[in-house]
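For reference, target.cif (mmCIF, C-alpha atoms):
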```cif
data_final
#
loop_
_atom_site.label_atom_id
_atom_site.label_comp_id
_atom_site.auth_asym_id
_atom_site.auth_seq_id
_atom_site.Cartn_x
_atom_site.Cartn_y
_atom_site.Cartn_z
CA MET S 1 0.00 0.00 0.00
CA SER S 2 1.28 3.42 -0.84
CA SER S 3 2.68 5.24 2.16
CA SER S 4 0.64 8.27 1.17
CA ALA S 5 -2.63 6.47 1.65
CA VAL S 6 -4.87 8.49 3.90
CA SER S 7 -6.48 7.23 7.07
CA ASP S 8 -10.05 6.12 6.71
CA PRO S 9 -12.46 9.01 7.28
CA ALA S 10 -14.86 8.96 10.18
CA PRO S 11 -18.20 7.35 9.42
CA ALA S 12 -21.04 9.53 8.26
CA SER S 13 -23.44 10.78 10.88
CA GLY S 14 -26.18 8.29 11.64
CA ALA S 15 -24.32 5.41 10.03
CA THR S 16 -21.96 3.80 12.52
CA PRO S 17 -19.74 0.98 11.28
CA ARG S 18 -21.77 -1.63 13.16
CA ARG S 19 -25.06 -0.27 11.87
CA ALA S 20 -23.77 -0.18 8.31
CA ALA S 21 -22.42 -3.73 8.63
CA VAL S 22 -25.67 -5.11 10.06
CA ALA S 23 -27.73 -3.32 7.40
CA SER S 24 -25.49 -4.79 4.71
CA LEU S 25 -25.91 -8.23 6.26
CA VAL S 26 -29.71 -7.97 6.28
CA GLY S 27 -29.90 -6.67 2.72
CA THR S 28 -27.56 -9.26 1.24
CA THR S 29 -29.30 -12.05 3.18
CA ILE S 30 -32.56 -11.16 1.47
CA GLU S 31 -30.94 -10.83 -1.97
CA TRP S 32 -29.13 -14.16 -1.63
CA TYR S 33 -32.26 -15.83 -0.26
CA ASP S 34 -33.96 -14.95 -3.53
CA PHE S 35 -31.02 -15.97 -5.71
CA TYR S 36 -30.29 -19.25 -3.93
CA LEU S 37 -33.96 -20.17 -3.70
CA TYR S 38 -33.96 -20.30 -7.48
CA ALA S 39 -30.84 -22.50 -7.38
CA THR S 40 -32.51 -25.04 -5.11
CA ALA S 41 -35.68 -25.06 -7.21
CA ALA S 42 -33.65 -25.40 -10.42
CA ALA S 43 -31.88 -28.43 -8.99
CA LEU S 44 -34.98 -30.21 -7.72
CA VAL S 45 -38.33 -29.02 -9.11
CA PHE S 46 -38.17 -26.72 -12.16
CA ALA S 47 -37.42 -29.49 -14.67
CA PRO S 48 -40.83 -31.23 -14.36
CA LEU S 49 -42.70 -27.93 -13.96
CA PHE S 50 -41.26 -25.83 -16.78
CA PHE S 51 -39.71 -28.44 -19.11
CA THR S 52 -42.43 -31.07 -18.91
CA ASP S 53 -42.01 -32.50 -22.43
CA ALA S 54 -38.26 -33.08 -22.06
CA ASP S 55 -36.76 -36.35 -20.90
CA PRO S 56 -35.41 -36.17 -17.31
CA ALA S 57 -31.77 -35.59 -18.27
CA THR S 58 -32.62 -32.88 -20.81
CA GLY S 59 -35.02 -31.28 -18.36
CA VAL S 60 -32.30 -30.99 -15.72
CA LEU S 61 -29.89 -29.48 -18.25
CA ALA S 62 -32.53 -26.99 -19.40
CA SER S 63 -33.33 -26.04 -15.81
CA PHE S 64 -29.64 -25.46 -15.06
CA ALA S 65 -29.37 -23.38 -18.25
CA THR S 66 -31.98 -20.96 -16.91
CA TYR S 67 -30.03 -20.90 -13.64
CA ALA S 68 -26.86 -19.97 -15.57
CA ALA S 69 -28.72 -17.17 -17.37
CA GLY S 70 -28.88 -15.22 -14.13
CA PHE S 71 -25.10 -15.27 -13.90
CA GLY S 72 -24.78 -14.03 -17.46
CA ALA S 73 -26.77 -10.95 -16.47
CA ARG S 74 -24.63 -10.16 -13.43
CA PRO S 75 -21.81 -8.35 -15.31
CA VAL S 76 -24.44 -6.14 -16.95
CA GLY S 77 -25.76 -5.28 -13.52
CA ALA S 78 -22.18 -4.63 -12.41
CA VAL S 79 -21.59 -2.15 -15.25
CA VAL S 80 -24.80 -0.23 -14.58
CA ALA S 81 -24.38 -0.27 -10.81
CA GLY S 82 -20.67 0.54 -11.02
CA HIS S 83 -21.37 3.68 -13.00
CA LEU S 84 -24.24 4.80 -10.78
CA GLY S 85 -22.57 3.74 -7.53
CA ASP S 86 -19.42 5.74 -8.30
CA ARG S 87 -21.41 8.69 -9.64
CA ILE S 88 -24.45 9.17 -7.40
CA GLY S 89 -23.71 6.98 -4.38
CA ARG S 90 -23.81 3.50 -2.90
CA ARG S 91 -27.12 3.78 -1.05
CA ALA S 92 -29.36 4.63 -4.04
CA VAL S 93 -28.09 1.66 -6.05
CA LEU S 94 -28.60 -0.71 -3.13
CA VAL S 95 -32.22 0.36 -2.71
CA GLY S 96 -32.90 -0.16 -6.42
CA SER S 97 -31.25 -3.60 -6.50
CA LEU S 98 -33.29 -4.83 -3.54
CA VAL S 99 -36.58 -3.72 -5.12
CA LEU S 100 -35.70 -5.35 -8.47
CA MET S 101 -34.75 -8.62 -6.82
CA GLY S 102 -37.89 -8.73 -4.71
CA VAL S 103 -40.22 -8.04 -7.61
CA ALA S 104 -38.55 -10.66 -9.84
CA THR S 105 -38.60 -13.37 -7.17
CA THR S 106 -42.22 -12.71 -6.21
CA LEU S 107 -43.27 -12.90 -9.86
CA ILE S 108 -41.52 -16.29 -10.22
CA GLY S 109 -43.83 -17.50 -7.48
CA LEU S 110 -46.81 -16.40 -9.60
CA LEU S 111 -45.67 -17.89 -12.93
CA PRO S 112 -47.87 -20.34 -14.81
CA THR S 113 -46.12 -23.64 -15.58
CA TYR S 114 -45.61 -25.48 -18.88
CA PRO S 115 -48.81 -27.57 -18.71
CA THR S 116 -50.78 -24.30 -18.48
CA VAL S 117 -49.18 -21.97 -21.05
CA GLY S 118 -46.62 -24.11 -22.88
CA LEU S 119 -43.35 -22.54 -24.03
CA LEU S 120 -44.30 -19.16 -22.60
CA ALA S 121 -43.63 -20.56 -19.10
CA PRO S 122 -39.86 -21.21 -19.52
CA VAL S 123 -39.51 -17.94 -21.49
CA LEU S 124 -40.97 -15.93 -18.60
CA LEU S 125 -38.84 -17.91 -16.16
CA VAL S 126 -35.69 -16.91 -18.05
CA VAL S 127 -36.73 -13.24 -18.17
CA LEU S 128 -37.25 -13.14 -14.42
CA ARG S 129 -33.99 -15.02 -13.81
CA LEU S 130 -32.21 -12.37 -15.88
CA ALA S 131 -33.79 -9.69 -13.67
CA GLN S 132 -32.46 -11.53 -10.61
CA GLY S 133 -29.01 -11.56 -12.17
CA LEU S 134 -29.12 -7.82 -12.82
CA ALA S 135 -30.12 -7.21 -9.20
CA VAL S 136 -27.34 -9.35 -7.74
CA GLY S 137 -24.86 -7.77 -10.14
CA ALA S 138 -25.76 -4.41 -8.65
CA GLU S 139 -26.01 -5.53 -5.03
CA TRP S 140 -22.74 -7.12 -3.96
CA ALA S 141 -20.24 -4.29 -4.38
CA GLY S 142 -22.60 -1.72 -2.89
CA ALA S 143 -23.30 -3.78 0.21
CA VAL S 144 -19.62 -4.59 0.64
CA LEU S 145 -18.53 -0.97 0.24
CA MET S 146 -21.14 0.20 2.73
CA ALA S 147 -19.48 -2.05 5.30
CA VAL S 148 -15.84 -1.63 4.25
CA GLU S 149 -15.91 2.14 3.74
CA HIS S 150 -17.69 2.66 7.05
CA ALA S 151 -15.17 0.50 8.93
CA GLU S 152 -13.59 2.27 11.89
CA THR S 153 -9.98 1.28 11.25
CA GLU S 154 -7.91 -0.72 8.80
CA ARG S 155 -7.46 -3.42 11.46
CA ARG S 156 -11.17 -4.25 11.40
CA ARG S 157 -11.93 -3.77 7.72
CA GLY S 158 -11.87 -7.49 7.00
CA LEU S 159 -14.27 -8.14 9.87
CA PHE S 160 -16.78 -5.49 8.82
CA GLY S 161 -16.44 -6.49 5.18
CA SER S 162 -17.35 -10.05 6.09
CA PHE S 163 -20.85 -9.04 7.23
CA PRO S 164 -22.31 -8.83 3.71
CA GLN S 165 -20.40 -12.04 2.94
CA ILE S 166 -22.19 -13.71 5.85
CA GLY S 167 -25.36 -12.76 3.99
CA SER S 168 -24.51 -15.47 1.46
CA SER S 169 -24.57 -18.18 4.13
CA ALA S 170 -27.58 -16.63 5.82
CA GLY S 171 -29.45 -16.40 2.51
CA MET S 172 -28.61 -19.99 1.65
CA LEU S 173 -29.63 -21.10 5.15
CA LEU S 174 -32.91 -19.23 4.89
CA ALA S 175 -33.66 -20.46 1.37
CA SER S 176 -32.81 -24.08 2.15
CA GLY S 177 -34.65 -23.96 5.47
CA VAL S 178 -37.83 -22.47 4.02
CA TYR S 179 -37.72 -24.84 1.06
CA THR S 180 -37.23 -27.86 3.32
CA ALA S 181 -39.95 -26.76 5.74
CA VAL S 182 -42.55 -26.19 3.03
CA LEU S 183 -41.66 -29.51 1.38
CA ALA S 184 -41.95 -31.36 4.69
CA ILE S 185 -45.29 -29.79 5.60
CA ALA S 186 -46.91 -30.06 2.17
CA GLY S 187 -45.44 -33.35 0.98
CA LYS S 188 -43.81 -33.86 -2.41
CA GLU S 189 -47.03 -34.17 -4.41
CA ALA S 190 -48.60 -31.00 -3.01
CA PHE S 191 -45.25 -29.22 -3.25
CA LEU S 192 -45.03 -29.85 -7.00
CA ALA S 193 -48.72 -29.01 -7.37
CA GLY S 194 -48.26 -25.47 -6.07
CA ALA S 195 -46.69 -25.25 -2.61
CA TRP S 196 -43.29 -24.59 -4.26
CA ARG S 197 -44.56 -21.04 -4.85
CA ILE S 198 -44.70 -20.17 -1.16
CA PRO S 199 -40.94 -19.58 -0.61
CA PHE S 200 -40.85 -17.29 -3.65
CA LEU S 201 -43.87 -15.26 -2.53
CA LEU S 202 -42.28 -14.81 0.88
CA SER S 203 -39.71 -12.57 -0.80
CA ALA S 204 -42.23 -9.72 -0.93
CA VAL S 205 -42.34 -9.59 2.87
CA LEU S 206 -38.57 -9.84 3.24
CA VAL S 207 -37.95 -7.00 0.80
CA VAL S 208 -40.15 -4.64 2.80
CA VAL S 209 -38.06 -5.43 5.89
CA GLY S 210 -34.83 -4.90 3.97
CA LEU S 211 -35.94 -1.56 2.57
CA ALA S 212 -36.98 -0.30 6.00
CA ILE S 213 -33.41 -0.89 7.19
CA ARG S 214 -31.51 0.12 4.05
CA LEU S 215 -33.29 3.48 3.68
CA THR S 216 -31.93 4.62 7.06
CA LEU S 217 -28.29 4.48 5.90
CA ALA S 218 -26.14 7.30 4.58
CA ASP S 219 -23.37 7.00 2.01
CA PRO S 220 -19.89 6.41 3.54
CA ALA S 221 -17.85 9.51 4.39
CA VAL S 222 -14.96 8.46 2.16
CA PHE S 223 -17.31 8.61 -0.84
CA THR S 224 -19.14 11.79 0.14
CA ALA S 225 -15.79 13.53 0.68
CA ALA S 226 -14.74 12.67 -2.86
CA ARG S 227 -18.10 13.79 -4.19
CA ASP S 228 -17.99 17.08 -2.30
CA ALA S 229 -14.45 17.70 -3.57
CA GLY S 230 -15.62 17.23 -7.15
CA THR S 231 -13.13 14.43 -7.85
CA LEU S 232 -15.57 11.71 -8.94
CA SER S 233 -14.99 10.11 -12.32
CA ARG S 234 -17.42 10.94 -15.11
CA ARG S 235 -17.05 7.46 -16.65
CA PRO S 236 -15.86 5.22 -13.82
CA VAL S 237 -16.40 1.89 -15.61
CA LEU S 238 -14.40 2.94 -18.67
CA GLU S 239 -11.72 4.54 -16.51
CA VAL S 240 -11.21 1.50 -14.29
CA LEU S 241 -10.95 -0.74 -17.36
CA ARG S 242 -8.41 1.65 -18.91
CA THR S 243 -6.25 2.35 -15.87
CA GLU S 244 -6.77 -0.72 -13.65
CA TRP S 245 -7.40 -3.46 -16.23
CA ARG S 246 -4.70 -5.72 -14.80
CA THR S 247 -6.20 -5.58 -11.29
CA VAL S 248 -9.71 -6.22 -12.65
CA LEU S 249 -8.44 -9.20 -14.65
CA LEU S 250 -6.61 -10.73 -11.67
CA THR S 251 -9.65 -10.16 -9.48
CA VAL S 252 -11.73 -12.11 -12.00
CA GLY S 253 -9.15 -14.89 -11.95
CA SER S 254 -9.15 -15.10 -8.15
CA ARG S 255 -12.94 -15.21 -8.07
CA ILE S 256 -13.93 -17.87 -10.62
CA ALA S 257 -12.93 -21.00 -8.68
CA GLN S 258 -14.26 -19.74 -5.33
CA ASN S 259 -17.67 -19.05 -6.80
CA SER S 260 -17.71 -22.26 -8.85
CA VAL S 261 -16.83 -24.62 -6.00
CA TYR S 262 -19.56 -23.13 -3.79
CA ILE S 263 -22.17 -23.66 -6.48
CA LEU S 264 -20.88 -27.18 -7.09
CA ALA S 265 -21.32 -28.02 -3.40
CA THR S 266 -24.63 -26.31 -2.73
CA THR S 267 -26.49 -26.76 -6.04
CA PHE S 268 -25.03 -29.47 -8.30
CA ALA S 269 -24.43 -31.82 -5.35
CA LEU S 270 -28.20 -31.89 -4.69
CA THR S 271 -28.84 -33.23 -8.18
CA TYR S 272 -25.86 -35.59 -7.94
CA LEU S 273 -27.28 -37.11 -4.77
CA ALA S 274 -30.86 -37.26 -6.01
CA GLN S 275 -29.93 -39.02 -9.26
CA GLY S 276 -27.08 -41.20 -8.00
CA ASP S 277 -27.02 -44.84 -7.01
CA SER S 278 -25.73 -44.24 -3.49
CA GLY S 279 -29.17 -44.41 -1.94
CA ALA S 280 -28.86 -40.94 -0.44
CA ALA S 281 -32.12 -39.04 -0.53
CA GLU S 282 -32.15 -35.45 -1.77
CA GLY S 283 -32.88 -34.53 1.85
CA ALA S 284 -29.31 -35.52 2.74
CA GLY S 285 -27.98 -32.82 0.45
CA LEU S 286 -30.37 -30.19 1.76
CA THR S 287 -29.46 -31.11 5.34
CA ALA S 288 -25.77 -30.77 4.53
CA VAL S 289 -26.31 -27.38 2.85
CA ILE S 290 -28.28 -26.11 5.83
CA ILE S 291 -25.61 -27.21 8.32
CA ALA S 292 -22.76 -25.78 6.25
CA SER S 293 -24.68 -22.51 5.83
CA ALA S 294 -25.24 -22.27 9.59
CA ILE S 295 -21.53 -22.87 10.27
CA GLY S 296 -20.73 -20.28 7.60
CA LEU S 297 -22.27 -17.58 9.78
CA PHE S 298 -19.23 -18.04 12.03
CA SER S 299 -16.50 -19.44 9.77
CA THR S 300 -16.73 -16.56 7.25
CA PRO S 301 -15.99 -13.76 9.76
CA LEU S 302 -13.33 -15.89 11.50
CA TRP S 303 -11.37 -16.21 8.25
CA ALA S 304 -11.88 -12.48 7.66
CA VAL S 305 -10.53 -11.61 11.10
CA LEU S 306 -7.51 -13.81 10.45
CA SER S 307 -6.91 -11.88 7.22
CA ASP S 308 -6.91 -8.64 9.25
CA ARG S 309 -4.02 -10.08 11.23
CA VAL S 310 -1.86 -11.97 8.72
CA GLY S 311 -2.99 -10.60 5.36
CA ARG S 312 -5.57 -11.33 2.68
CA LYS S 313 -3.37 -13.43 0.40
CA PRO S 314 -2.18 -16.18 2.77
CA VAL S 315 -5.70 -16.80 4.05
CA TYR S 316 -7.10 -16.84 0.52
CA LEU S 317 -4.47 -19.34 -0.58
CA VAL S 318 -5.52 -21.76 2.16
CA GLY S 319 -8.81 -22.17 0.33
CA ALA S 320 -7.47 -21.90 -3.21
CA ILE S 321 -4.99 -24.74 -2.64
CA GLY S 322 -7.02 -26.87 -0.22
CA ALA S 323 -10.33 -26.99 -2.10
CA PRO S 324 -9.15 -28.75 -5.28
CA LEU S 325 -7.10 -31.22 -3.24
CA PHE S 326 -10.17 -32.16 -1.21
CA LEU S 327 -12.66 -32.24 -4.09
CA GLY S 328 -12.03 -35.89 -4.97
CA ALA S 329 -12.72 -36.90 -1.38
CA PHE S 330 -15.88 -34.78 -1.46
CA PHE S 331 -17.37 -36.90 -4.25
CA LEU S 332 -16.32 -40.11 -2.52
CA LEU S 333 -18.18 -38.97 0.59
CA LEU S 334 -21.27 -38.17 -1.48
CA ASP S 335 -21.12 -41.64 -3.02
CA THR S 336 -21.31 -43.35 0.37
CA GLY S 337 -24.99 -42.46 0.70
CA SER S 338 -24.43 -41.62 4.39
CA THR S 339 -26.06 -38.38 5.49
CA ALA S 340 -23.39 -37.93 8.16
CA LEU S 341 -20.55 -38.29 5.65
CA VAL S 342 -22.29 -36.03 3.14
CA VAL S 343 -22.46 -33.39 5.87
CA VAL S 344 -18.76 -33.86 6.68
CA GLY S 345 -17.83 -33.42 3.04
CA MET S 346 -19.98 -30.31 2.67
CA VAL S 347 -18.64 -28.68 5.84
CA VAL S 348 -14.99 -29.28 4.96
CA LEU S 349 -15.33 -28.08 1.37
CA VAL S 350 -17.53 -25.07 2.15
CA ASN S 351 -16.55 -23.89 5.61
CA LEU S 352 -12.89 -24.82 5.73
CA PHE S 353 -11.79 -24.09 2.18
CA HIS S 354 -14.43 -21.99 0.43
CA ASP S 355 -14.94 -19.63 3.37
CA ALA S 356 -11.17 -19.06 3.62
CA MET S 357 -11.50 -17.35 0.25
CA TYR S 358 -14.92 -15.77 0.72
CA GLY S 359 -14.28 -14.24 4.17
CA PRO S 360 -11.43 -11.86 3.20
CA GLN S 361 -12.75 -11.23 -0.29
CA ALA S 362 -14.93 -8.20 0.40
CA ALA S 363 -12.26 -6.14 2.12
CA TRP S 364 -9.57 -7.24 -0.32
CA TYR S 365 -11.49 -6.34 -3.47
CA GLY S 366 -12.50 -3.00 -1.98
CA GLU S 367 -8.93 -2.16 -0.99
CA LEU S 368 -7.61 -2.86 -4.49
CA PHE S 369 -9.32 0.17 -6.06
CA ASP S 370 -9.38 3.87 -5.22
CA THR S 371 -12.54 5.59 -3.99
CA ARG S 372 -13.46 7.13 -7.34
CA LEU S 373 -13.50 3.74 -9.07
CA ARG S 374 -14.09 1.33 -6.19
CA TYR S 375 -17.70 0.35 -6.93
CA SER S 376 -16.93 -0.22 -10.62
CA GLY S 377 -13.67 -2.10 -10.10
CA ALA S 378 -14.81 -4.38 -7.29
CA SER S 379 -18.15 -5.05 -8.92
CA LEU S 380 -16.71 -5.90 -12.34
CA GLY S 381 -14.05 -8.23 -10.93
CA TYR S 382 -16.53 -10.03 -8.71
CA GLN S 383 -19.41 -10.33 -11.16
CA ILE S 384 -17.43 -11.21 -14.30
CA GLY S 385 -15.76 -13.89 -12.21
CA SER S 386 -19.22 -15.16 -11.28
CA VAL S 387 -20.21 -16.02 -14.85
CA ILE S 388 -18.11 -19.19 -14.96
CA GLY S 389 -19.56 -20.22 -11.60
CA GLY S 390 -23.07 -19.83 -12.96
CA THR S 391 -22.38 -22.47 -15.60
CA THR S 392 -21.09 -24.96 -13.00
CA PRO S 393 -24.26 -27.09 -12.65
CA LEU S 394 -24.65 -27.20 -16.43
CA VAL S 395 -20.99 -28.03 -17.10
CA ALA S 396 -20.77 -30.50 -14.22
CA THR S 397 -23.91 -32.30 -15.38
CA ALA S 398 -22.54 -32.59 -18.92
CA LEU S 399 -19.15 -33.81 -17.63
CA LEU S 400 -20.89 -36.32 -15.37
CA TYR S 401 -22.74 -37.84 -18.34
CA ALA S 402 -19.57 -37.72 -20.48
CA GLY S 403 -17.70 -39.58 -17.74
CA GLY S 404 -20.23 -42.38 -17.60
CA GLY S 405 -21.70 -41.20 -14.31
CA THR S 406 -18.36 -40.76 -12.53
CA PRO S 407 -17.28 -37.28 -11.31
CA TRP S 408 -13.58 -37.37 -12.23
CA LEU S 409 -13.90 -35.17 -15.31
CA ILE S 410 -15.50 -32.60 -13.00
CA TRP S 411 -12.50 -32.82 -10.68
CA GLY S 412 -10.15 -32.21 -13.61
CA TYR S 413 -12.19 -29.20 -14.72
CA PHE S 414 -11.92 -27.72 -11.25
CA GLY S 415 -8.19 -28.34 -11.24
CA VAL S 416 -7.91 -25.90 -14.15
CA LEU S 417 -10.14 -23.30 -12.45
CA PHE S 418 -8.14 -23.44 -9.24
CA ALA S 419 -4.82 -23.21 -11.08
CA ILE S 420 -6.04 -19.89 -12.51
CA CYS S 421 -7.23 -18.85 -9.05
CA VAL S 422 -3.90 -19.59 -7.33
CA VAL S 423 -1.85 -17.74 -9.97
CA SER S 424 -4.16 -14.72 -9.84
CA THR S 425 -4.09 -14.66 -6.05
CA VAL S 426 -0.30 -14.73 -5.96
CA LEU S 427 -0.06 -11.88 -8.48
CA LEU S 428 -2.57 -9.62 -6.69
CA PRO S 429 -1.08 -7.15 -4.17
CA GLU S 430 -1.45 -7.47 -0.40
CA THR S 431 -3.63 -4.67 0.97
CA HIS S 432 -4.53 -5.39 4.61
CA ARG S 433 -2.50 -2.52 6.07
CA GLY S 434 -3.11 1.16 5.38
CA GLY S 435 -6.05 3.43 4.59
CA LEU S 436 -8.41 3.01 1.67
CA ARG S 437 -6.87 4.28 -1.54
CA THR S 438 -7.57 7.74 -2.90
CA ALA S 439 -7.20 8.85 -6.50
CA ARG S 440 -3.89 8.05 -8.23
CA GLU S 441 -2.51 6.00 -5.34
CA LYS S 442 -1.25 2.57 -6.27
CA VAL S 443 -0.89 -0.64 -4.34
CA SER S 444 2.30 -2.64 -4.45
CA ALA S 445 2.57 -6.41 -4.43
#
```
Could you express the structure from this file as structure tokens?
Amino acid sequence: MSSSAVSDPAPASGATPRRAAVASLVGTTIEWYDFYLYATAAALVFAPLFFTDADPATGVLASFATYAAGFGARPVGAVVAGHLGDRIGRRAVLVGSLVLMGVATTLIGLLPTYPTVGLLAPVLLVVLRLAQGLAVGAEWAGAVLMAVEHAETERRRGLFGSFPQIGSSAGMLLASGVYTAVLAIAGKEAFLAGAWRIPFLLSAVLVVVGLAIRLTLADPAVFTAARDAGTLSRRPVLEVLRTEWRTVLLTVGSRIAQNSVYILATTFALTYLAQGDSGAAEGAGLTAVIIASAIGLFSTPLWAVLSDRVGRKPVYLVGAIGAPLFLGAFFLLLDTGSTALVVVGMVVLVNLFHDAMYGPQAAWYGELFDTRLRYSGASLGYQIGSVIGGTTPLVATALLYAGGGTPWLIWGYFGVLFAICVVSTVLLPETHRGGLRTAREKVSA
């Protein structure tokens, strides 16, 4: 970090670091609830509802293709939100993203299915999934910067930045828990007949709660100071791609495997278990996801706190090196058909290795870019890196069939992703000491 980096400004009035962090946690929990709810439904119920005429294998692939469509929209949301977030402020973009996500998710719960309207049903499903992708593309960087830029000191930036990251585990926990509860109460037949809509319709209530909290926040002082000084960029997205392209590219590289392995564990693994010969019911996968998500509420900030002490890079590398080495064992544990061993595999892969990357990520990505370009740079790196992850269920399913039902081609694919991740992580600079960057300051490796 440049020695000329300024100390972090005091938080804006009415927006203490803890309040900003908690508000970011609540908002991202609701956004990820909506996004992950779709993932669970895509893995387990959308194929027979929206792709009725397809054979089971084709239906699963088609369902996962609609899931991937949401990830394709995320970079578009990142571009729009990056421009607006660096021009008019973080808070306004966050409010808009929450409303868009809530409306899209609620409408999914009202969609007619294929037996009712034919091909129009999957078309509408894709449109609403794209709207979800735009919302998430706008959400992440804003929520993270609300927490990171409000942080009291550099020594706690990782901790405060982990609060919106916890929202991922909390959203997954909430989505899986609600899904499981409704399925258990209604039964599988009634669930497919219409009870599957209930978790999606619940989003309308959650969004109202999120807005009530989010509207009370002010933009961080470090941003308002730059705005008041008239130093904001007129075209932040174009400027960050012109002046910081290498950092954006390395951020993408460090992100792709982290995102992909999480989706493999929490989405594709459900289908793998449900269709496999191990005898494990799909409930074993949902149970494992719920337990790992609950542990993630604690493991994510613990890894972030460790990164405040020893640095972002060494903590990140624990996950980037450990996850691909463990992935083969993960599939072996799934194949046992034992719920207990499935849970062990999920917890080790998600909480030990994935969370070592995800915990420090928010603070690290925010620290890599200066205030004028921070929303654009962090958002582009994170969301472009998410696109590959969004194709994980589709690619993994295809590789599973190509491998004759064995997962070893999937393991090889992830070996390539993690090789890119490790190289990118090593090349990115360490940033855990010093104030947030101002214009024209550079970070050193």
**Asked** Evaluating the PyMOL selection byres ((chain S and resi 194) around 12) on the displayed file yields which residues, as a list in words?
**Response**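 On the file shown, the PyMOL selection byres ((chain S and resi 194) around 12) covers Val45, Phe46, Leu49, Gly109, Leu110, Leu111, Pro112, Thr113, Val182, Leu183, Ala186, Gly187, Lys188, Glu189, Ala190, Phe191, Leu192, Ala193, Ala195, Trp196, Arg197, Ile198, Pro199, Phe200 and Leu201 of chain S.
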**Request:** Run through the PyMOL selection byres ((chain S and resi 93) around 12) on the given coordinates and return the selected residues as a ChimeraX atom specification.
**Result:** /S:77-92,94-100,134-143,145-146,214-215,219,375
Could you tell me, as a PDB file with C-alpha atoms, in the coordinates of the input, exactly which residues end up selected when the PyMOL selection byres ((chain S and resi 123) around 12) is applied to this structure?
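Writing the result to part.pdb gives the following:
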```pdb
ATOM      1  CA  PHE S  50     -41.260 -25.830 -16.780  1.00  0.00           C
ATOM      2  CA  PHE S  51     -39.710 -28.440 -19.110  1.00  0.00           C
ATOM      3  CA  ALA S  62     -32.530 -26.990 -19.400  1.00  0.00           C
ATOM      4  CA  SER S  63     -33.330 -26.040 -15.810  1.00  0.00           C
ATOM      5  CA  ALA S  65     -29.370 -23.380 -18.250  1.00  0.00           C
ATOM      6  CA  THR S  66     -31.980 -20.960 -16.910  1.00  0.00           C
ATOM      7  CA  ALA S  69     -28.720 -17.170 -17.370  1.00  0.00           C
ATOM      8  CA  ILE S 108     -41.520 -16.290 -10.220  1.00  0.00           C
ATOM      9  CA  LEU S 111     -45.670 -17.890 -12.930  1.00  0.00           C
ATOM     10  CA  PRO S 112     -47.870 -20.340 -14.810  1.00  0.00           C
ATOM     11  CA  THR S 113     -46.120 -23.640 -15.580  1.00  0.00           C
ATOM     12  CA  TYR S 114     -45.610 -25.480 -18.880  1.00  0.00           C
ATOM     13  CA  VAL S 117     -49.180 -21.970 -21.050  1.00  0.00           C
ATOM     14  CA  GLY S 118     -46.620 -24.110 -22.880  1.00  0.00           C
ATOM     15  CA  LEU S 119     -43.350 -22.540 -24.030  1.00  0.00           C
ATOM     16  CA  LEU S 120     -44.300 -19.160 -22.600  1.00  0.00           C
ATOM     17  CA  ALA S 121     -43.630 -20.560 -19.100  1.00  0.00           C
ATOM     18  CA  PRO S 122     -39.860 -21.210 -19.520  1.00  0.00           C
ATOM     19  CA  LEU S 124     -40.970 -15.930 -18.600  1.00  0.00           C
ATOM     20  CA  LEU S 125     -38.840 -17.910 -16.160  1.00  0.00           C
ATOM     21  CA  VAL S 126     -35.690 -16.910 -18.050  1.00  0.00           C
ATOM     22  CA  VAL S 127     -36.730 -13.240 -18.170  1.00  0.00           C
ATOM     23  CA  LEU S 128     -37.250 -13.140 -14.420  1.00  0.00           C
ATOM     24  CA  ARG S 129     -33.990 -15.020 -13.810  1.00  0.00           C
ATOM     25  CA  LEU S 130     -32.210 -12.370 -15.880  1.00  0.00           C
TER      26      LEU S 130
END
```
**Request:** Extract, using all atoms listed in the file, all DNA, RNA and protein residues at most 7 Å from Ser260 in chain S, discarding same-chain residues fewer than 2 positions from it, and format them as a list in words.
**Result:** Ile256, Ala257, Gln258, Tyr262, Ile263, Leu264, Ile388, Gly389 and Thr392 of chain S
Adding 3 Å on each side of the box along x, y and z that holds all listed atoms of range 49-60 of chain S, could you give its centre and edge lengths in Å to one decimal, as AutoDock Vina command-line options?
```
--center_x -37.2 --center_y -31.1 --center_z -18.2 --size_x 16.9 --size_y 16.5 --size_z 14.5
```
At most 10 Å is the cut-off: for each residue in range 123-214 of chain S with any atom that close to an atom of range 299-310 of chain S, write down the nearest atom pair and the distance in Å rounded to one decimal, counting all atoms listed in the file, chain first then increasing number, as JSON lines.
```
{"residue": "S:Glu154", "atom": "CA", "partner": "S:Asp308", "partner_atom": "CA", "distance": 8.0}
{"residue": "S:Arg155", "atom": "CA", "partner": "S:Asp308", "partner_atom": "CA", "distance": 5.7}
{"residue": "S:Arg156", "atom": "CA", "partner": "S:Asp308", "partner_atom": "CA", "distance": 6.5}
{"residue": "S:Arg157", "atom": "CA", "partner": "S:Asp308", "partner_atom": "CA", "distance": 7.2}
{"residue": "S:Gly158", "atom": "CA", "partner": "S:Ala304", "partner_atom": "CA", "distance": 5.0}
{"residue": "S:Leu159", "atom": "CA", "partner": "S:Val305", "partner_atom": "CA", "distance": 5.2}
{"residue": "S:Phe160", "atom": "CA", "partner": "S:Pro301", "partner_atom": "CA", "distance": 8.4}
{"residue": "S:Gly161", "atom": "CA", "partner": "S:Ala304", "partner_atom": "CA", "distance": 7.9}
{"residue": "S:Ser162", "atom": "CA", "partner": "S:Pro301", "partner_atom": "CA", "distance": 5.4}
{"residue": "S:Phe163", "atom": "CA", "partner": "S:Pro301", "partner_atom": "CA", "distance": 7.2}
{"residue": "S:Gln165", "atom": "CA", "partner": "S:Thr300", "partner_atom": "CA", "distance": 7.2}
{"residue": "S:Ile166", "atom": "CA", "partner": "S:Thr300", "partner_atom": "CA", "distance": 6.3}
{"residue": "S:Gly167", "atom": "CA", "partner": "S:Thr300", "partner_atom": "CA", "distance": 10.0}
{"residue": "S:Ser168", "atom": "CA", "partner": "S:Thr300", "partner_atom": "CA", "distance": 9.8}
{"residue": "S:Ser169", "atom": "CA", "partner": "S:Thr300", "partner_atom": "CA", "distance": 8.6}
```
